[in-house]
Every structure is written in C-alpha cells, then in structure tokens.
Amino acid sequence: MSYRSGHPSAALHPHAHDQARPAAPRPARPPRPAQRPAPAGNSYTIAHAGRQVRIGPVLFWIAVGSIVLLGCWTAATATYFTFRDDVLTRLIARQAEMQYAYEDRIAELRAKVDRTTSRQLLDQEQFDQKLEQIMRRQSLLESRAGALSALPDVAVTGSIKPARTPSFDIETTGRPKPSPINDTVIFVAPPDREARLQSRTPPAAIERAPTQYAQAQGVETVLTRLQTSLDQVEKQQIATLGAVEETYESRARRMRDVLGNLGLNSRSLEASAPRGGVGGPFVPVRAPSANASSFDRQLYRINISRAQVDRLTRALSLVPYRKPVLGQVEFSSGFGVRTDPFLGRPAMHTGLDFRGSTGDPVRATAIGKVVSAGWAGGYGQMVEIDHGNGLTTRYGHLSKIIAKVGQQVSIGQIVGEIGSTGRSTGPHLHYETRIDGEAVDPQKFLRAGVRLAGAG
C-alpha cells in the first residue's frame, strides 16, 4: 500500500502481518499528543511486507509508460501473428499486381515497337514496289521511244535521254514543272534502295534537318511527280504513235488514189517496181499476241502501213510525175488542140512545151530504160524512155543527146539538153507522157506529183 507523505518523518502504519502476531505485553506508555496528517507531496510510496519505497513522479511515469508500451507491443505482436497470413497475402497480391502491371506495360511497349517496325518495313516494301514499278515503266517507255525513233520521218519520237539527271524542275512556287518529252530522264535507284532527295534550297536557308515524317512525305511527293512525268511521256508517245499511224495511212491512201486517178494498176506497178535491199534471210513479221499492249498492236499496224507506203513509193518511182527541168517552169504550149505555129491551123499538141535556154539540162522524170535516142522527124533530137507497164516519156527538140539506147536511167538523171531541133520555132523542151502508146496530158502527172508532195 502506498500513500503520499509530505514529510520524511511521517508515522508509518503497521503492516498486516505484524498485526497478525499476538500482542506482547508492553509497558504502558504515556499518551502521545495527537499528530496532524502529513501534507500531500510530489513523491509516491510503495509499501510491501512492512517496507516502504518512495519514488519520484518521473520515474513513476517512466515505469507506467514502459508498462503501457510493453502492453501495446504485446497487443500488436499478437495482432500481427493473428492476422499475419492475411497481411502477407495482401502484400504478395499487391506485389504480383504491380509486377503484372509492369509486364503489361512492357508488352504494350513491345507491341508498339513491333507495330512501328512492321509499319516501317511495310512502308519500305511499298516504296520499293513503287520504285520498281516506276523503273519497269520507264524501261518500257524507253523501249517504246527506241521503237518510235526507228520510224523515219517522225518529228517527235518521245525519246527519253539518259544523260539528264532531274526528271522535273521545282519552281519557286513549289509546283512541279514538267519537262519536254525528249528531256525526260531516268530515275536511278540508289544501291541501298533508299530515296535520296536533293533540295534546291541553298544550304544557308536550311535551319534544321527534316523530320522522318517530312522525309517520308518528300519521298511520296517525288514518286508522285515521277509517275506524273512518266504519264506525260506515255501520253505524248501514244499521241505521236497515233499521228504516225495516221500519217502513213494517209500517205498510202493518197498514193493509191493518185495511181487510180492516173489509170494505172497499182498491183502491176508494185510487182515491177525495183526491190528494196540487197538480200538477207527471210524472217516473217510476227503479229502481236492476244495479250499484247495497245502500243505494240498499234506499232505493228504502223510497220505494216510503213511497208505498204514503201512499196507504193517504189512503184511511184516508175510514174513520171516530176518536172523534166529544174527551177521555175513556164509553159509555152499546153496539151490539146492549138493553132499550129507553122501552118496556122488547129492541130493536136500531144505534150507540154517548157521554155528554156539552149543547153539547159533535161532530166528523166522516172526510172526506166532508154528505148530511143536520136533524130525523130518533127521531134528533132529526141530521147524516149520506157518506164514499164505501158508508161513512156519523150523529150524532143534537144540540142544534145546524152543518154544512150538501152541505158537504165534514174530519177533526175540528165538525158539531154534543151534546143530547137526539128519542127521548132525556138529553144524549148517538148515533153510527152504516153500510156500504151497513147499521149496523155503531162499536167495530169504533174498535178499528181504536187499532191504526192503534200502527202509526204
């Protein structure tokens, strides 16, 4: 039992076990004066087995606090051991949840990287395919340009010159300026299959490198412009091919019409015309297959028309539709009925009289063979040439004969000189054209020559 005492000499109460002892006889003591209770103080007294222990408040509260902390620790420990499994389970579950979240995030990032890589590979593959398609198309256009350039008398061939580098020029407005068809160039792929763009902007104006997106957009722009340029080349080639086909067909029609108007058999003329070339193995022309392109089929038709024009041209070399003299010509007399210069009576004039000076050259108007060269009555000095298929020409009143009988003459070859021999009143050339021995108007042939010149 404890109590607080205000003075260290305060009276002590007897303990309980002392009271249990039998009271021994004591001598009588004189009565003491009554003592006052000790005043309350700041110390604590602990009594046990007749002993008293006094402690201070600080030590007391330290002991109390220790006991309380020990109790709390004991309660916490008991609680921990009681609920330990639940706590560990929650901690493990949270750790697993965090791990799964990290794994999911990593998987998501990997999937994103894979998608990006796949997209880049796909873009690269698409670019390679487009570039390969452009190169194949350009090779095709080059082969077509070569086929067009092999055609004679073609002003625009649509050729693609390999010596130039840019396929288009970039103006200051940023729009592509298409080049002429014969200035279009080859787009050569780099060895690493990557598109390399050369900017026309001065280096000082470039502040930073373009981003990957900008580069991709630039590549697409280049491919688009290349395809546009090739489209223009192809359109011009097709237009040129159509113009060439129309030209050959028109020339062939006009030649046939001329021969028909002259009353000549084109088949006979073609059969008797001189052959082209000097020999070689016979290789027949193959017709294009069913799956051939329209360009190939049209080119085949052009080659056929060209061969027909060539045959008709050789046939027309036998037709005397050219002038027998050079320069400006002046007719002194035409074909038909006229007043005879010697008798003053109407007479049939079977040819044309070309004015000229003595000694001017007289030329053959078609290829043929000289069948007569000498004096021929009113013709005076005359040369007659047989052109085959019943066609003959006569050159009269010559002052000099150059050609000889049996000689093969070509177009424009000099056969004599203008004179005034025979039945003539002055120097001139009497020129006749005959079909099967009958005189026909030479102007009919000359007009045919003017028309054929327009067909060329």
# chains A, B, ... in the order shown; residues from 1 in each chain; ligands from 1
>>> residues_around(residues="Gly449 (chain A)", least_positions_apart="4", cutoff="7 Å", atoms="only C-alpha atoms", output="VMD selection string")
chain A and resid 321 to 322 445 453
>>> residues_around(residues="region 371-375 of chain A", least_positions_apart="3", cutoff="8 Å", atoms="only C-alpha atoms", output="CSV table (one decimal) with N, CA, C and O atoms, in the first residue's frame")
chain,number,residue,atom,x,y,z
A,379,TYR,N,10.2,15.8,-184.1
A,379,TYR,CA,10.7,15.9,-182.7
A,379,TYR,C,12.2,16.4,-182.7
A,379,TYR,O,12.7,16.9,-181.7
A,380,GLY,N,12.8,16.3,-183.8
A,380,GLY,CA,14.2,16.6,-183.9
A,380,GLY,C,15.0,15.6,-183.1
A,380,GLY,O,14.7,14.4,-183.1
A,381,GLN,N,16.0,16.1,-182.3
A,381,GLN,CA,16.7,15.2,-181.5
A,381,GLN,C,15.8,14.8,-180.3
A,381,GLN,O,15.4,15.7,-179.5
A,382,MET,N,15.6,13.5,-180.1
A,382,MET,CA,14.6,13.1,-179.1
A,382,MET,C,15.1,11.9,-178.4
A,382,MET,O,15.8,11.0,-178.9
A,383,VAL,N,14.8,11.8,-177.1
A,383,VAL,CA,15.0,10.6,-176.2
A,383,VAL,C,13.7,10.1,-175.7
A,383,VAL,O,12.9,10.9,-175.2
A,384,GLU,N,13.5,8.8,-175.9
A,384,GLU,CA,12.3,8.2,-175.4
A,384,GLU,C,12.7,7.1,-174.3
A,384,GLU,O,13.6,6.3,-174.5
A,385,ILE,N,12.0,7.2,-173.2
A,385,ILE,CA,12.3,6.3,-172.0
A,385,ILE,C,11.0,5.5,-171.7
A,385,ILE,O,9.9,6.0,-171.6
A,386,ASP,N,11.3,4.1,-171.6
A,386,ASP,CA,10.2,3.2,-171.2
A,386,ASP,C,10.3,3.0,-169.7
A,386,ASP,O,11.3,2.5,-169.2
A,401,ILE,N,22.0,15.1,-177.2
A,401,ILE,CA,21.5,13.8,-176.5
A,401,ILE,C,22.7,13.2,-175.7
A,401,ILE,O,23.8,13.0,-176.2
A,403,ALA,N,21.9,10.6,-173.1
A,403,ALA,CA,21.6,9.2,-172.8
A,403,ALA,C,21.8,8.3,-174.1
A,403,ALA,O,21.7,8.8,-175.2
A,404,LYS,N,21.9,7.0,-173.9
A,404,LYS,CA,22.2,6.1,-174.9
A,404,LYS,C,21.1,5.0,-174.9
A,404,LYS,O,20.5,4.7,-173.8
A,405,VAL,N,20.8,4.4,-176.0
A,405,VAL,CA,19.8,3.4,-176.1
A,405,VAL,C,20.2,2.2,-175.2
A,405,VAL,O,21.4,1.8,-175.3
A,406,GLY,N,19.2,1.7,-174.5
A,406,GLY,CA,19.5,0.5,-173.6
A,406,GLY,C,20.0,0.9,-172.2
A,406,GLY,O,20.1,0.1,-171.4
>>> atom_distance(atom1="CA of Arg338 (chain A)", atom2="CA of Gly263 (chain A)")
25.3 Å
>>> residues_around(residues="region 239-247 of chain A", least_positions_apart="3", cutoff="6 Å", atoms="only C-alpha atoms", output="list of chain:residue names")
A:Gln236, A:Ser250, A:Ile302
>>> closest_residue(among="A:Lys444, A:Leu352, A:Val415, A:Val337", to="Val319 (chain A)", atoms="only C-alpha atoms")
A:Lys444
>>> select_by_dssp(residues="region 244-382 of chain A", states="strand (DSSP E or B)", output="PyMOL selection string")
chain A and resi 331-333+336-339+346-349+352-355+361-363+368-375+381-382
>>> select_by_dssp(residues="region 290-355 of chain A", states="helix (DSSP H, G or I)", output="PDB file with N, CA, C and O atoms, in the first residue's frame")
ATOM      1  N   SER A 294      -1.734  -2.235-126.279  1.00  0.00           N
ATOM      2  CA  SER A 294      -2.253  -1.453-127.401  1.00  0.00           C
ATOM      3  C   SER A 294      -1.125  -0.769-128.158  1.00  0.00           C
ATOM      4  O   SER A 294      -1.204  -0.589-129.381  1.00  0.00           O
ATOM      5  N   PHE A 295      -0.061  -0.391-127.439  1.00  0.00           N
ATOM      6  CA  PHE A 295       1.087   0.236-128.097  1.00  0.00           C
ATOM      7  C   PHE A 295       1.719  -0.728-129.084  1.00  0.00           C
ATOM      8  O   PHE A 295       2.034  -0.357-130.227  1.00  0.00           O
ATOM      9  N   ASP A 296       1.926  -1.980-128.682  1.00  0.00           N
ATOM     10  CA  ASP A 296       2.543  -2.965-129.567  1.00  0.00           C
ATOM     11  C   ASP A 296       1.656  -3.252-130.779  1.00  0.00           C
ATOM     12  O   ASP A 296       2.161  -3.382-131.915  1.00  0.00           O
ATOM     13  N   ARG A 297       0.357  -3.363-130.550  1.00  0.00           N
ATOM     14  CA  ARG A 297      -0.543  -3.611-131.684  1.00  0.00           C
ATOM     15  C   ARG A 297      -0.549  -2.430-132.652  1.00  0.00           C
ATOM     16  O   ARG A 297      -0.534  -2.613-133.868  1.00  0.00           O
ATOM     17  N   GLN A 298      -0.556  -1.227-132.097  1.00  0.00           N
ATOM     18  CA  GLN A 298      -0.540  -0.050-132.958  1.00  0.00           C
ATOM     19  C   GLN A 298       0.788   0.069-133.700  1.00  0.00           C
ATOM     20  O   GLN A 298       0.821   0.445-134.878  1.00  0.00           O
ATOM     21  N   LEU A 299       1.883  -0.264-133.011  1.00  0.00           N
ATOM     22  CA  LEU A 299       3.187  -0.237-133.667  1.00  0.00           C
ATOM     23  C   LEU A 299       3.255  -1.268-134.787  1.00  0.00           C
ATOM     24  O   LEU A 299       3.871  -1.017-135.843  1.00  0.00           O
ATOM     25  N   TYR A 300       2.630  -2.413-134.590  1.00  0.00           N
ATOM     26  CA  TYR A 300       2.583  -3.416-135.652  1.00  0.00           C
ATOM     27  C   TYR A 300       1.805  -2.881-136.858  1.00  0.00           C
ATOM     28  O   TYR A 300       2.237  -3.061-138.022  1.00  0.00           O
ATOM     29  N   ARG A 301       0.681  -2.230-136.608  1.00  0.00           N
ATOM     30  CA  ARG A 301      -0.083  -1.652-137.721  1.00  0.00           C
ATOM     31  C   ARG A 301       0.728  -0.586-138.442  1.00  0.00           C
ATOM     32  O   ARG A 301       0.670  -0.472-139.672  1.00  0.00           O
ATOM     33  N   ILE A 302       1.486   0.196-137.668  1.00  0.00           N
ATOM     34  CA  ILE A 302       2.316   1.227-138.293  1.00  0.00           C
ATOM     35  C   ILE A 302       3.382   0.594-139.182  1.00  0.00           C
ATOM     36  O   ILE A 302       3.659   1.067-140.292  1.00  0.00           O
ATOM     37  N   ASN A 303       3.998  -0.469-138.712  1.00  0.00           N
ATOM     38  CA  ASN A 303       5.017  -1.134-139.519  1.00  0.00           C
ATOM     39  C   ASN A 303       4.415  -1.702-140.802  1.00  0.00           C
ATOM     40  O   ASN A 303       5.036  -1.638-141.877  1.00  0.00           O
ATOM     41  N   ILE A 304       3.209  -2.251-140.711  1.00  0.00           N
ATOM     42  CA  ILE A 304       2.547  -2.741-141.919  1.00  0.00           C
ATOM     43  C   ILE A 304       2.244  -1.587-142.875  1.00  0.00           C
ATOM     44  O   ILE A 304       2.494  -1.675-144.097  1.00  0.00           O
ATOM     45  N   SER A 305       1.712  -0.493-142.334  1.00  0.00           N
ATOM     46  CA  SER A 305       1.421   0.675-143.177  1.00  0.00           C
ATOM     47  C   SER A 305       2.699   1.251-143.762  1.00  0.00           C
ATOM     48  O   SER A 305       2.730   1.684-144.928  1.00  0.00           O
ATOM     49  N   ARG A 306       3.747   1.240-142.951  1.00  0.00           N
ATOM     50  CA  ARG A 306       5.032   1.750-143.444  1.00  0.00           C
ATOM     51  C   ARG A 306       5.554   0.898-144.598  1.00  0.00           C
ATOM     52  O   ARG A 306       6.075   1.425-145.598  1.00  0.00           O
ATOM     53  N   ALA A 307       5.420  -0.422-144.483  1.00  0.00           N
ATOM     54  CA  ALA A 307       5.843  -1.304-145.569  1.00  0.00           C
ATOM     55  C   ALA A 307       5.008  -1.051-146.823  1.00  0.00           C
ATOM     56  O   ALA A 307       5.532  -1.050-147.948  1.00  0.00           O
ATOM     57  N   GLN A 308       3.705  -0.826-146.656  1.00  0.00           N
ATOM     58  CA  GLN A 308       2.866  -0.526-147.811  1.00  0.00           C
ATOM     59  C   GLN A 308       3.270   0.781-148.469  1.00  0.00           C
ATOM     60  O   GLN A 308       3.341   0.881-149.696  1.00  0.00           O
ATOM     61  N   VAL A 309       3.546   1.801-147.637  1.00  0.00           N
ATOM     62  CA  VAL A 309       3.992   3.085-148.187  1.00  0.00           C
ATOM     63  C   VAL A 309       5.309   2.913-148.925  1.00  0.00           C
ATOM     64  O   VAL A 309       5.531   3.514-149.994  1.00  0.00           O
ATOM     65  N   ASP A 310       6.192   2.083-148.382  1.00  0.00           N
ATOM     66  CA  ASP A 310       7.482   1.859-149.039  1.00  0.00           C
ATOM     67  C   ASP A 310       7.285   1.179-150.402  1.00  0.00           C
ATOM     68  O   ASP A 310       7.933   1.547-151.391  1.00  0.00           O
ATOM     69  N   ARG A 311       6.392   0.188-150.459  1.00  0.00           N
ATOM     70  CA  ARG A 311       6.129  -0.469-151.746  1.00  0.00           C
ATOM     71  C   ARG A 311       5.509   0.507-152.745  1.00  0.00           C
ATOM     72  O   ARG A 311       5.891   0.538-153.924  1.00  0.00           O
ATOM     73  N   LEU A 312       4.562   1.309-152.271  1.00  0.00           N
ATOM     74  CA  LEU A 312       3.935   2.281-153.175  1.00  0.00           C
ATOM     75  C   LEU A 312       4.932   3.346-153.618  1.00  0.00           C
ATOM     76  O   LEU A 312       4.868   3.819-154.768  1.00  0.00           O
ATOM     77  N   THR A 313       5.847   3.725-152.720  1.00  0.00           N
ATOM     78  CA  THR A 313       6.855   4.711-153.103  1.00  0.00           C
ATOM     79  C   THR A 313       7.759   4.168-154.203  1.00  0.00           C
ATOM     80  O   THR A 313       8.096   4.881-155.165  1.00  0.00           O
ATOM     81  N   ARG A 314       8.169   2.884-154.067  1.00  0.00           N
ATOM     82  CA  ARG A 314       8.987   2.295-155.126  1.00  0.00           C
ATOM     83  C   ARG A 314       8.190   2.161-156.424  1.00  0.00           C
ATOM     84  O   ARG A 314       8.736   2.336-157.523  1.00  0.00           O
ATOM     85  N   ALA A 315       6.887   1.866-156.298  1.00  0.00           N
ATOM     86  CA  ALA A 315       6.063   1.789-157.502  1.00  0.00           C
ATOM     87  C   ALA A 315       5.928   3.149-158.171  1.00  0.00           C
ATOM     88  O   ALA A 315       5.958   3.262-159.408  1.00  0.00           O
ATOM     89  N   LEU A 316       5.809   4.184-157.359  1.00  0.00           N
ATOM     90  CA  LEU A 316       5.666   5.534-157.926  1.00  0.00           C
ATOM     91  C   LEU A 316       6.963   6.035-158.547  1.00  0.00           C
ATOM     92  O   LEU A 316       6.948   7.036-159.274  1.00  0.00           O
TER      93      LEU A 316
END
